[in-house]
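Visitor: Here you go, model_32.cif (mmCIF, C-alpha atoms):
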```cif
data_protein
#
loop_
_atom_site.group_PDB
_atom_site.id
_atom_site.type_symbol
_atom_site.label_atom_id
_atom_site.label_comp_id
_atom_site.auth_asym_id
_atom_site.auth_seq_id
_atom_site.Cartn_x
_atom_site.Cartn_y
_atom_site.Cartn_z
ATOM 1 C CA MET M 900 -0.360 8.050 14.907
ATOM 2 C CA LEU M 901 0.946 5.322 17.203
ATOM 3 C CA THR M 902 4.386 5.470 18.738
ATOM 4 C CA ASP M 903 7.178 3.109 17.761
ATOM 5 C CA LYS M 904 6.853 1.447 21.169
ATOM 6 C CA GLN M 905 3.122 0.852 20.708
ATOM 7 C CA LEU M 906 3.714 -0.643 17.275
ATOM 8 C CA ASN M 907 6.646 -2.752 18.481
ATOM 9 C CA ASP M 908 4.550 -4.040 21.394
ATOM 10 C CA ALA M 909 1.694 -4.855 19.002
ATOM 11 C CA ASN M 910 4.057 -6.760 16.703
ATOM 12 C CA ALA M 911 5.580 -8.640 19.632
ATOM 13 C CA TYR M 912 2.142 -9.631 20.918
ATOM 14 C CA GLY M 913 1.062 -10.783 17.457
ATOM 15 C CA GLU M 914 4.190 -12.900 17.167
ATOM 16 C CA TRP M 915 3.562 -14.374 20.622
ATOM 17 C CA LEU M 916 0.037 -15.319 19.502
ATOM 18 C CA ARG M 917 1.382 -16.877 16.307
ATOM 19 C CA LEU M 918 3.912 -18.982 18.173
ATOM 20 C CA ALA M 919 1.289 -20.104 20.703
ATOM 21 C CA VAL M 920 -0.452 -22.112 17.978
ATOM 22 C CA HIS M 921 2.354 -22.640 15.455
ATOM 23 C CA GLU M 922 2.508 -26.311 14.478
ATOM 24 C CA LYS M 923 0.039 -27.146 17.241
ATOM 25 C CA SER M 924 -1.238 -30.697 16.860
ATOM 26 C CA LEU M 925 -4.980 -30.729 16.139
ATOM 27 C CA PRO M 926 -7.480 -33.524 15.509
ATOM 28 C CA ALA M 927 -7.818 -34.241 11.793
ATOM 29 C CA ASN M 928 -11.521 -33.864 11.085
ATOM 30 C CA ASN M 929 -13.778 -31.557 9.116
ATOM 31 C CA ARG M 930 -15.048 -29.673 12.165
ATOM 32 C CA VAL M 931 -11.532 -28.770 13.284
ATOM 33 C CA ARG M 932 -10.486 -27.891 9.741
ATOM 34 C CA ALA M 933 -13.432 -25.528 9.307
ATOM 35 C CA ALA M 934 -13.269 -23.978 12.777
ATOM 36 C CA GLY M 935 -9.479 -23.787 12.854
ATOM 37 C CA SER M 936 -9.396 -22.079 9.474
ATOM 38 C CA CYS M 937 -11.830 -19.375 10.604
ATOM 39 C CA LEU M 938 -9.913 -18.838 13.840
ATOM 40 C CA GLY M 939 -6.622 -18.705 11.932
ATOM 41 C CA ILE M 940 -8.078 -16.168 9.499
ATOM 42 C CA ALA M 941 -9.150 -13.979 12.435
ATOM 43 C CA GLN M 942 -5.577 -14.142 13.707
ATOM 44 C CA ASP M 943 -4.321 -13.259 10.226
ATOM 45 C CA HIS M 944 -6.564 -10.171 10.246
ATOM 46 C CA HIS M 945 -4.951 -9.126 13.520
ATOM 47 C CA HIS M 946 -1.497 -9.359 11.961
ATOM 48 C CA ALA M 947 -2.728 -7.385 8.946
ATOM 49 C CA SER M 948 -4.204 -4.725 11.252
ATOM 50 C CA VAL M 949 -0.856 -4.187 12.945
ATOM 51 C CA VAL M 950 0.898 -3.974 9.564
ATOM 52 C CA LEU M 951 -1.711 -1.478 8.349
ATOM 53 C CA LEU M 952 -1.359 0.635 11.496
ATOM 54 C CA ASP M 953 2.405 0.698 11.012
ATOM 55 C CA ALA M 954 1.953 1.711 7.355
ATOM 56 C CA ARG M 955 -0.622 4.355 8.377
ATOM 57 C CA LEU M 956 -3.265 2.717 6.184
ATOM 58 C CA TYR M 957 -5.905 3.344 8.797
ATOM 59 C CA ALA M 958 -9.091 3.008 6.731
ATOM 60 C CA SER M 959 -8.238 -0.566 5.767
ATOM 61 C CA CYS M 960 -7.305 -1.374 9.345
ATOM 62 C CA PHE M 961 -10.702 -0.153 10.593
ATOM 63 C CA ALA M 962 -12.465 -2.072 7.800
ATOM 64 C CA LEU M 963 -10.977 -5.362 9.030
ATOM 65 C CA LEU M 964 -12.538 -5.171 12.490
ATOM 66 C CA ARG M 965 -15.929 -6.581 11.526
ATOM 67 C CA VAL M 966 -14.333 -9.189 9.284
ATOM 68 C CA ALA M 967 -12.101 -10.413 12.121
ATOM 69 C CA PHE M 968 -14.988 -10.532 14.602
ATOM 70 C CA GLU M 969 -17.139 -12.515 12.171
ATOM 71 C CA ALA M 970 -14.287 -14.940 11.438
ATOM 72 C CA TYR M 971 -13.912 -15.571 15.171
ATOM 73 C CA VAL M 972 -17.656 -16.051 15.779
ATOM 74 C CA ARG M 973 -17.931 -18.413 12.809
ATOM 75 C CA GLY M 974 -14.953 -20.407 14.042
ATOM 76 C CA GLU M 975 -16.419 -20.878 17.500
ATOM 77 C CA TRP M 976 -19.849 -21.731 16.073
ATOM 78 C CA LEU M 977 -18.308 -24.338 13.776
ATOM 79 C CA ALA M 978 -16.328 -25.806 16.662
ATOM 80 C CA LEU M 979 -19.118 -25.917 19.218
ATOM 81 C CA CYS M 980 -22.554 -25.620 17.611
ATOM 82 C CA ALA M 981 -22.736 -26.572 13.945
ATOM 83 C CA THR M 982 -24.099 -29.955 12.969
ATOM 84 C CA ASP M 983 -21.880 -32.254 10.939
ATOM 85 C CA ALA M 984 -24.038 -31.448 7.903
ATOM 86 C CA GLN M 985 -23.571 -27.687 8.458
ATOM 87 C CA VAL M 986 -19.807 -28.172 8.734
ATOM 88 C CA ARG M 987 -19.738 -30.148 5.460
ATOM 89 C CA LYS M 988 -21.870 -27.543 3.701
ATOM 90 C CA PHE M 989 -19.650 -24.746 4.996
ATOM 91 C CA LEU M 990 -16.518 -26.505 3.736
ATOM 92 C CA ASN M 991 -18.274 -26.867 0.370
ATOM 93 C CA GLY M 992 -18.897 -23.116 0.139
ATOM 94 C CA ARG M 993 -22.325 -22.675 1.737
ATOM 95 C CA GLU M 994 -22.732 -19.609 3.939
ATOM 96 C CA PRO M 995 -23.412 -20.231 7.625
ATOM 97 C CA PRO M 996 -26.451 -18.728 9.364
ATOM 98 C CA LYS M 997 -26.478 -14.976 10.043
ATOM 99 C CA ILE M 998 -24.322 -13.707 12.882
ATOM 100 C CA ASP M 999 -27.225 -13.246 15.320
ATOM 101 C CA GLU M 1000 -28.122 -16.929 14.930
ATOM 102 C CA LEU M 1001 -24.496 -17.922 15.491
ATOM 103 C CA LEU M 1002 -24.329 -15.801 18.639
ATOM 104 C CA GLU M 1003 -27.616 -17.226 19.952
ATOM 105 C CA ALA M 1004 -26.315 -20.770 19.440
ATOM 106 C CA LEU M 1005 -23.031 -19.923 21.170
ATOM 107 C CA ALA M 1006 -24.866 -18.331 24.119
ATOM 108 C CA ARG M 1007 -26.371 -21.752 24.853
ATOM 109 C CA LYS M 1008 -22.884 -23.166 25.435
ATOM 110 C CA ASP M 1009 -21.300 -22.967 28.888
ATOM 111 C CA ALA M 1010 -18.251 -21.055 27.681
ATOM 112 C CA PHE M 1011 -20.444 -18.288 26.232
ATOM 113 C CA LYS M 1012 -23.528 -18.322 28.459
ATOM 114 C CA GLU M 1013 -22.752 -14.856 29.857
ATOM 115 C CA GLY M 1014 -23.573 -13.404 26.420
ATOM 116 C CA ARG M 1015 -20.457 -11.251 26.118
ATOM 117 C CA LEU M 1016 -20.110 -11.831 22.386
ATOM 118 C CA SER M 1017 -23.693 -10.681 21.825
ATOM 119 C CA LEU M 1018 -22.959 -7.630 23.957
ATOM 120 C CA ILE M 1019 -19.839 -6.851 21.887
ATOM 121 C CA LYS M 1020 -21.947 -7.132 18.748
ATOM 122 C CA LYS M 1021 -24.760 -4.992 20.166
ATOM 123 C CA ARG M 1022 -22.386 -2.223 21.262
ATOM 124 C CA ASN M 1023 -20.175 -2.166 18.173
ATOM 125 C CA TRP M 1024 -22.015 -3.599 15.163
ATOM 126 C CA LYS M 1025 -23.240 -0.337 13.658
ATOM 127 C CA ALA M 1026 -19.739 1.151 13.782
ATOM 128 C CA LEU M 1027 -18.108 -2.081 12.559
ATOM 129 C CA CYS M 1028 -20.450 -2.181 9.558
ATOM 130 C CA GLY M 1029 -19.867 1.516 8.907
ATOM 131 C CA TYR M 1030 -16.113 1.016 8.815
ATOM 132 C CA THR M 1031 -16.293 -2.113 6.649
ATOM 133 C CA HIS M 1032 -18.821 -0.694 4.182
ATOM 134 C CA THR M 1033 -17.493 2.892 4.080
ATOM 135 C CA GLY M 1034 -20.429 4.380 5.943
ATOM 136 C CA GLY M 1035 -20.750 7.881 7.297
ATOM 137 C CA ILE M 1036 -18.853 7.022 10.478
ATOM 138 C CA HIS M 1037 -15.832 6.191 8.343
ATOM 139 C CA VAL M 1038 -16.165 9.093 5.938
ATOM 140 C CA GLN M 1039 -16.273 11.472 8.926
ATOM 141 C CA ARG M 1040 -12.690 10.433 9.686
ATOM 142 C CA TRP M 1041 -11.658 11.540 6.189
ATOM 143 C CA ASN M 1042 -13.017 15.069 6.312
ATOM 144 C CA THR M 1043 -11.141 17.888 7.959
ATOM 145 C CA SER M 1044 -11.572 21.635 7.892
ATOM 146 C CA ASP M 1045 -8.715 21.748 5.362
ATOM 147 C CA GLY M 1046 -9.718 18.963 2.989
ATOM 148 C CA ILE M 1047 -10.174 15.255 2.498
ATOM 149 C CA GLU M 1048 -7.552 13.158 4.265
ATOM 150 C CA ALA M 1049 -7.247 10.517 6.955
ATOM 151 C CA ASN M 1050 -7.919 12.120 10.333
ATOM 152 C CA TYR M 1051 -7.990 9.414 13.019
ATOM 153 C CA SER M 1052 -7.159 10.270 16.612
ATOM 154 C CA THR M 1053 -4.521 8.320 18.513
ATOM 155 C CA ALA M 1054 -7.282 7.206 20.902
ATOM 156 C CA GLU M 1055 -9.234 5.737 17.962
ATOM 157 C CA LEU M 1056 -6.155 3.931 16.674
ATOM 158 C CA LEU M 1057 -5.509 2.464 20.123
ATOM 159 C CA GLU M 1058 -9.147 1.389 20.348
ATOM 160 C CA VAL M 1059 -8.851 -0.414 17.010
ATOM 161 C CA LEU M 1060 -5.677 -2.123 18.158
ATOM 162 C CA ARG M 1061 -7.300 -3.175 21.451
ATOM 163 C CA PHE M 1062 -10.377 -4.590 19.686
ATOM 164 C CA SER M 1063 -8.139 -6.432 17.234
ATOM 165 C CA ASP M 1064 -6.018 -7.787 20.106
ATOM 166 C CA ILE M 1065 -9.149 -9.076 21.861
ATOM 167 C CA VAL M 1066 -10.474 -10.858 18.775
ATOM 168 C CA ALA M 1067 -7.058 -12.370 17.997
ATOM 169 C CA THR M 1068 -6.616 -13.530 21.583
ATOM 170 C CA LEU M 1069 -10.050 -15.158 21.606
ATOM 171 C CA SER M 1070 -9.242 -16.805 18.282
ATOM 172 C CA VAL M 1071 -6.001 -18.261 19.589
ATOM 173 C CA LEU M 1072 -7.842 -19.477 22.691
ATOM 174 C CA GLY M 1073 -10.291 -21.158 20.307
ATOM 175 C CA VAL M 1074 -7.465 -22.956 18.511
ATOM 176 C CA LEU M 1075 -5.936 -23.975 21.838
ATOM 177 C CA SER M 1076 -9.315 -25.373 22.856
ATOM 178 C CA LEU M 1077 -9.391 -27.435 19.656
ATOM 179 C CA ALA M 1078 -5.923 -28.685 20.603
ATOM 180 C CA ASP M 1079 -7.034 -29.331 24.204
ATOM 181 C CA ASP M 1080 -4.090 -27.239 25.456
ATOM 182 C CA ALA M 1081 -5.179 -25.704 28.768
ATOM 183 C CA GLU M 1082 -1.611 -24.922 29.838
ATOM 184 C CA THR M 1083 -0.891 -22.612 26.909
ATOM 185 C CA SER M 1084 -4.359 -21.084 27.303
ATOM 186 C CA GLU M 1085 -3.503 -20.069 30.876
ATOM 187 C CA LYS M 1086 -0.214 -18.524 29.732
ATOM 188 C CA LEU M 1087 -2.060 -16.634 27.008
ATOM 189 C CA LEU M 1088 -4.621 -15.240 29.445
ATOM 190 C CA GLU M 1089 -1.794 -14.005 31.692
ATOM 191 C CA ARG M 1090 -0.021 -12.411 28.741
ATOM 192 C CA PHE M 1091 -3.241 -10.822 27.498
ATOM 193 C CA LYS M 1092 -4.072 -9.417 30.925
ATOM 194 C CA ALA M 1093 -0.612 -7.858 31.167
ATOM 195 C CA ARG M 1094 -1.045 -6.365 27.670
ATOM 196 C CA MET M 1095 -4.412 -4.829 28.536
ATOM 197 C CA GLU M 1096 -3.011 -3.339 31.758
ATOM 198 C CA ALA M 1097 0.002 -1.817 29.988
#
```
As structure tokens, how would this structure be written, given the file I've shared?

Guide:
Amino acid sequence: MLTDKQLNDANAYGEWLRLAVHEKSLPANNRVRAAGSCLGIAQDHHHASVVLLDARLYASCFALLRVAFEAYVRGEWLALCATDAQVRKFLNGREPPKIDELLEALARKDAFKEGRLSLIKKRNWKALCGYTHTGGIHVQRWNTSDGIEANYSTAELLEVLRFSDIVATLSVLGVLSLADDAETSEKLLERFKARMEA
């Protein structure tokens, strides 16, 4: 279980992220609406993760990790890579390409050419899917020598919080990019760095 301080810090960081984009002026077009919605949903998942950690509803918190990562990747793809026709189709309910295609398209953009998102996916996808779809990796955390109950280590909970913080931070940076707000982006990167060092 996380300490009160860890949970309070997580809530404070989530609130800081929320305020960084609250009522931010954005261009009014379909691309921004689609991308901004995905990025906002990823941020919403971060808030939900912190609430779930506080309520000790750990399985649901773990299950949100993949969903948040996908929301972020889709948001960036819609902002930077999708054609106007793909954006329109997405807003009308059509599914975007599979995540590997989205990541490949993003890797061709300057901001993502180092391939870090693909590396995150490569290193974590199997576990993320296992947590979201109640795979063996998740069920293992519900079996103890005494019975069937949640049995997550503090280190695992902190890892989930860190991953969620990273995705939320990237999502807010994505919204700030849509808003062309480099100043707030710099402040966010400083705040994020301090959080990761703490």

Visitor: How close does each residue of region 970-1007 of chain M get to region 937-945 of chain M, giving the shortest atom pair and distance in Å to one decimal for every residue with an atom at most 8 Å away, counting all atoms listed in the file, sorted by chain and residue number, as JSON lines?

Guide:
```
{"residue": "M:Ala970", "atom": "CA", "partner": "M:Cys937", "partner_atom": "CA", "distance": 5.1}
{"residue": "M:Tyr971", "atom": "CA", "partner": "M:Leu938", "partner_atom": "CA", "distance": 5.3}
{"residue": "M:Arg973", "atom": "CA", "partner": "M:Cys937", "partner_atom": "CA", "distance": 6.6}
{"residue": "M:Gly974", "atom": "CA", "partner": "M:Cys937", "partner_atom": "CA", "distance": 4.8}
{"residue": "M:Glu975", "atom": "CA", "partner": "M:Leu938", "partner_atom": "CA", "distance": 7.7}
```

Visitor: I need the residue nearest Glu1089 (chain M) from this list: M:Thr1068, M:Ser1076, M:Leu977, M:Arg930. Use all atoms listed in the file for the distance.

Guide: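 Residue with the minimum atom-to-atom distance to Glu1089 (chain M): M:Thr1068.
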
Visitor: Hey, what's within 10 Å of region 915-929 of chain M if we count all atoms listed in the file and toss same-chain stuff fewer than 2 positions away? As an mmCIF file with C-alpha atoms, in the coordinates of the input, please?

Guide:
```cif
data_model
loop_
_atom_site.group_PDB
_atom_site.id
_atom_site.type_symbol
_atom_site.label_atom_id
_atom_site.label_comp_id
_atom_site.auth_asym_id
_atom_site.auth_seq_id
_atom_site.Cartn_x
_atom_site.Cartn_y
_atom_site.Cartn_z
ATOM 1 C CA ALA M 909 1.694 -4.855 19.002
ATOM 2 C CA ASN M 910 4.057 -6.760 16.703
ATOM 3 C CA ALA M 911 5.580 -8.640 19.632
ATOM 4 C CA TYR M 912 2.142 -9.631 20.918
ATOM 5 C CA GLY M 913 1.062 -10.783 17.457
ATOM 6 C CA VAL M 931 -11.532 -28.770 13.284
ATOM 7 C CA ARG M 932 -10.486 -27.891 9.741
ATOM 8 C CA ALA M 933 -13.432 -25.528 9.307
ATOM 9 C CA ALA M 934 -13.269 -23.978 12.777
ATOM 10 C CA GLY M 935 -9.479 -23.787 12.854
ATOM 11 C CA GLY M 939 -6.622 -18.705 11.932
ATOM 12 C CA GLN M 942 -5.577 -14.142 13.707
ATOM 13 C CA ASP M 943 -4.321 -13.259 10.226
ATOM 14 C CA HIS M 945 -4.951 -9.126 13.520
ATOM 15 C CA HIS M 946 -1.497 -9.359 11.961
ATOM 16 C CA LEU M 977 -18.308 -24.338 13.776
ATOM 17 C CA ALA M 978 -16.328 -25.806 16.662
ATOM 18 C CA ASP M 983 -21.880 -32.254 10.939
ATOM 19 C CA VAL M 986 -19.807 -28.172 8.734
ATOM 20 C CA ARG M 987 -19.738 -30.148 5.460
ATOM 21 C CA PHE M 989 -19.650 -24.746 4.996
ATOM 22 C CA LEU M 990 -16.518 -26.505 3.736
ATOM 23 C CA ASP M 1064 -6.018 -7.787 20.106
ATOM 24 C CA ALA M 1067 -7.058 -12.370 17.997
ATOM 25 C CA THR M 1068 -6.616 -13.530 21.583
ATOM 26 C CA SER M 1070 -9.242 -16.805 18.282
ATOM 27 C CA VAL M 1071 -6.001 -18.261 19.589
ATOM 28 C CA LEU M 1072 -7.842 -19.477 22.691
ATOM 29 C CA VAL M 1074 -7.465 -22.956 18.511
ATOM 30 C CA LEU M 1075 -5.936 -23.975 21.838
ATOM 31 C CA SER M 1076 -9.315 -25.373 22.856
ATOM 32 C CA LEU M 1077 -9.391 -27.435 19.656
ATOM 33 C CA ALA M 1078 -5.923 -28.685 20.603
ATOM 34 C CA ASP M 1079 -7.034 -29.331 24.204
ATOM 35 C CA ASP M 1080 -4.090 -27.239 25.456
ATOM 36 C CA THR M 1083 -0.891 -22.612 26.909
ATOM 37 C CA SER M 1084 -4.359 -21.084 27.303
ATOM 38 C CA LYS M 1086 -0.214 -18.524 29.732
ATOM 39 C CA LEU M 1087 -2.060 -16.634 27.008
ATOM 40 C CA ARG M 1090 -0.021 -12.411 28.741
ATOM 41 C CA PHE M 1091 -3.241 -10.822 27.498
#
```

Visitor: Residues at most 9 Å from region 1031-1048 of chain M, counting only C-alpha atoms, excluding those fewer than 5 positions away in the same chain, as a list in words?

Guide: Ala958, Ser959, Phe961, Ala962, Leu963, Leu964, Arg965, Val966 and Ala1026 of chain M

Visitor: Taking 3 positions as the minimum chain separation for residues in the same chain, which residues sit within 7 Å of Cys960 (chain M) when counting all atoms listed in the file? Answer as a ChimeraX atom specification.

Guide: /M:948,951-952,956-957,963

Visitor: With C-alpha atoms retained, could you export that selection as a CSV table (one decimal), in the coordinates of the input?

Guide:
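The result, written out as again39.csv:
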```csv
chain,number,residue,atom,x,y,z
M,948,SER,CA,-4.2,-4.7,11.3
M,951,LEU,CA,-1.7,-1.5,8.3
M,952,LEU,CA,-1.4,0.6,11.5
M,956,LEU,CA,-3.3,2.7,6.2
M,957,TYR,CA,-5.9,3.3,8.8
M,963,LEU,CA,-11.0,-5.4,9.0
```

Visitor: With distances taken over all atoms listed in the file, which of M:Tyr1051, M:Trp976, M:Phe968, M:Phe1062 is nearest to Ala1010 (chain M)?

Guide: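 So, comparing all the options, the nearest one is M:Trp976.
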
Visitor: Just to confirm, what's the straight-line distance from CA of Arg1015 (chain M) to CA of Glu994 (chain M) in Å (one decimal)?

Guide: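 Answer for the CA of Arg1015 (chain M) to CA of Glu994 (chain M) separation: 23.8 Å.
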
Visitor: In Å, how far is it from CA of Ser1063 (chain M) to CA of Arg1007 (chain M)?

Guide: 25.0 Å

Visitor: So how many Å separate CA of Ile998 (chain M) and CA of Leu1060 (chain M), to one decimal?

Guide: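 CA of Leu1060 (chain M) lies at a distance of 22.6 Å from CA of Ile998 (chain M).
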
Visitor: How big is the axis-aligned box, and where does its centre sit, when it encloses all atoms of region 920-932 of chain M listed in the file and has 4 Å added on every side, reported in Å to one decimal as JSON?

Guide:
```
{"center_x": -6.3, "center_y": -28.2, "center_z": 13.5, "size_x": 25.6, "size_y": 20.1, "size_z": 16.9}
```

Visitor: Which residue is closest to Asp953 (chain M)? Choose from M:Leu1056, M:Ala1049, M:Val972, M:Ala1004 and count all atoms listed in the file.

Guide: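 With all atoms listed in the file as the atom set, the closest residue is M:Leu1056.
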
Visitor: When you look at Asp1009 (chain M) with a cut-off of 12 Å (counting only C-alpha atoms), what residues show up, excluding the ones that are within fewer than 5 positions of it in the same chain? I need them as number ranges by chain.

Guide: M: 979-980, 1004, 1014

Visitor: Which is closest to Leu901 (chain M) among M:Gly992, M:Ala947, M:Ala954, M:Lys1008, if we use only C-alpha atoms?

Guide: M:Ala954
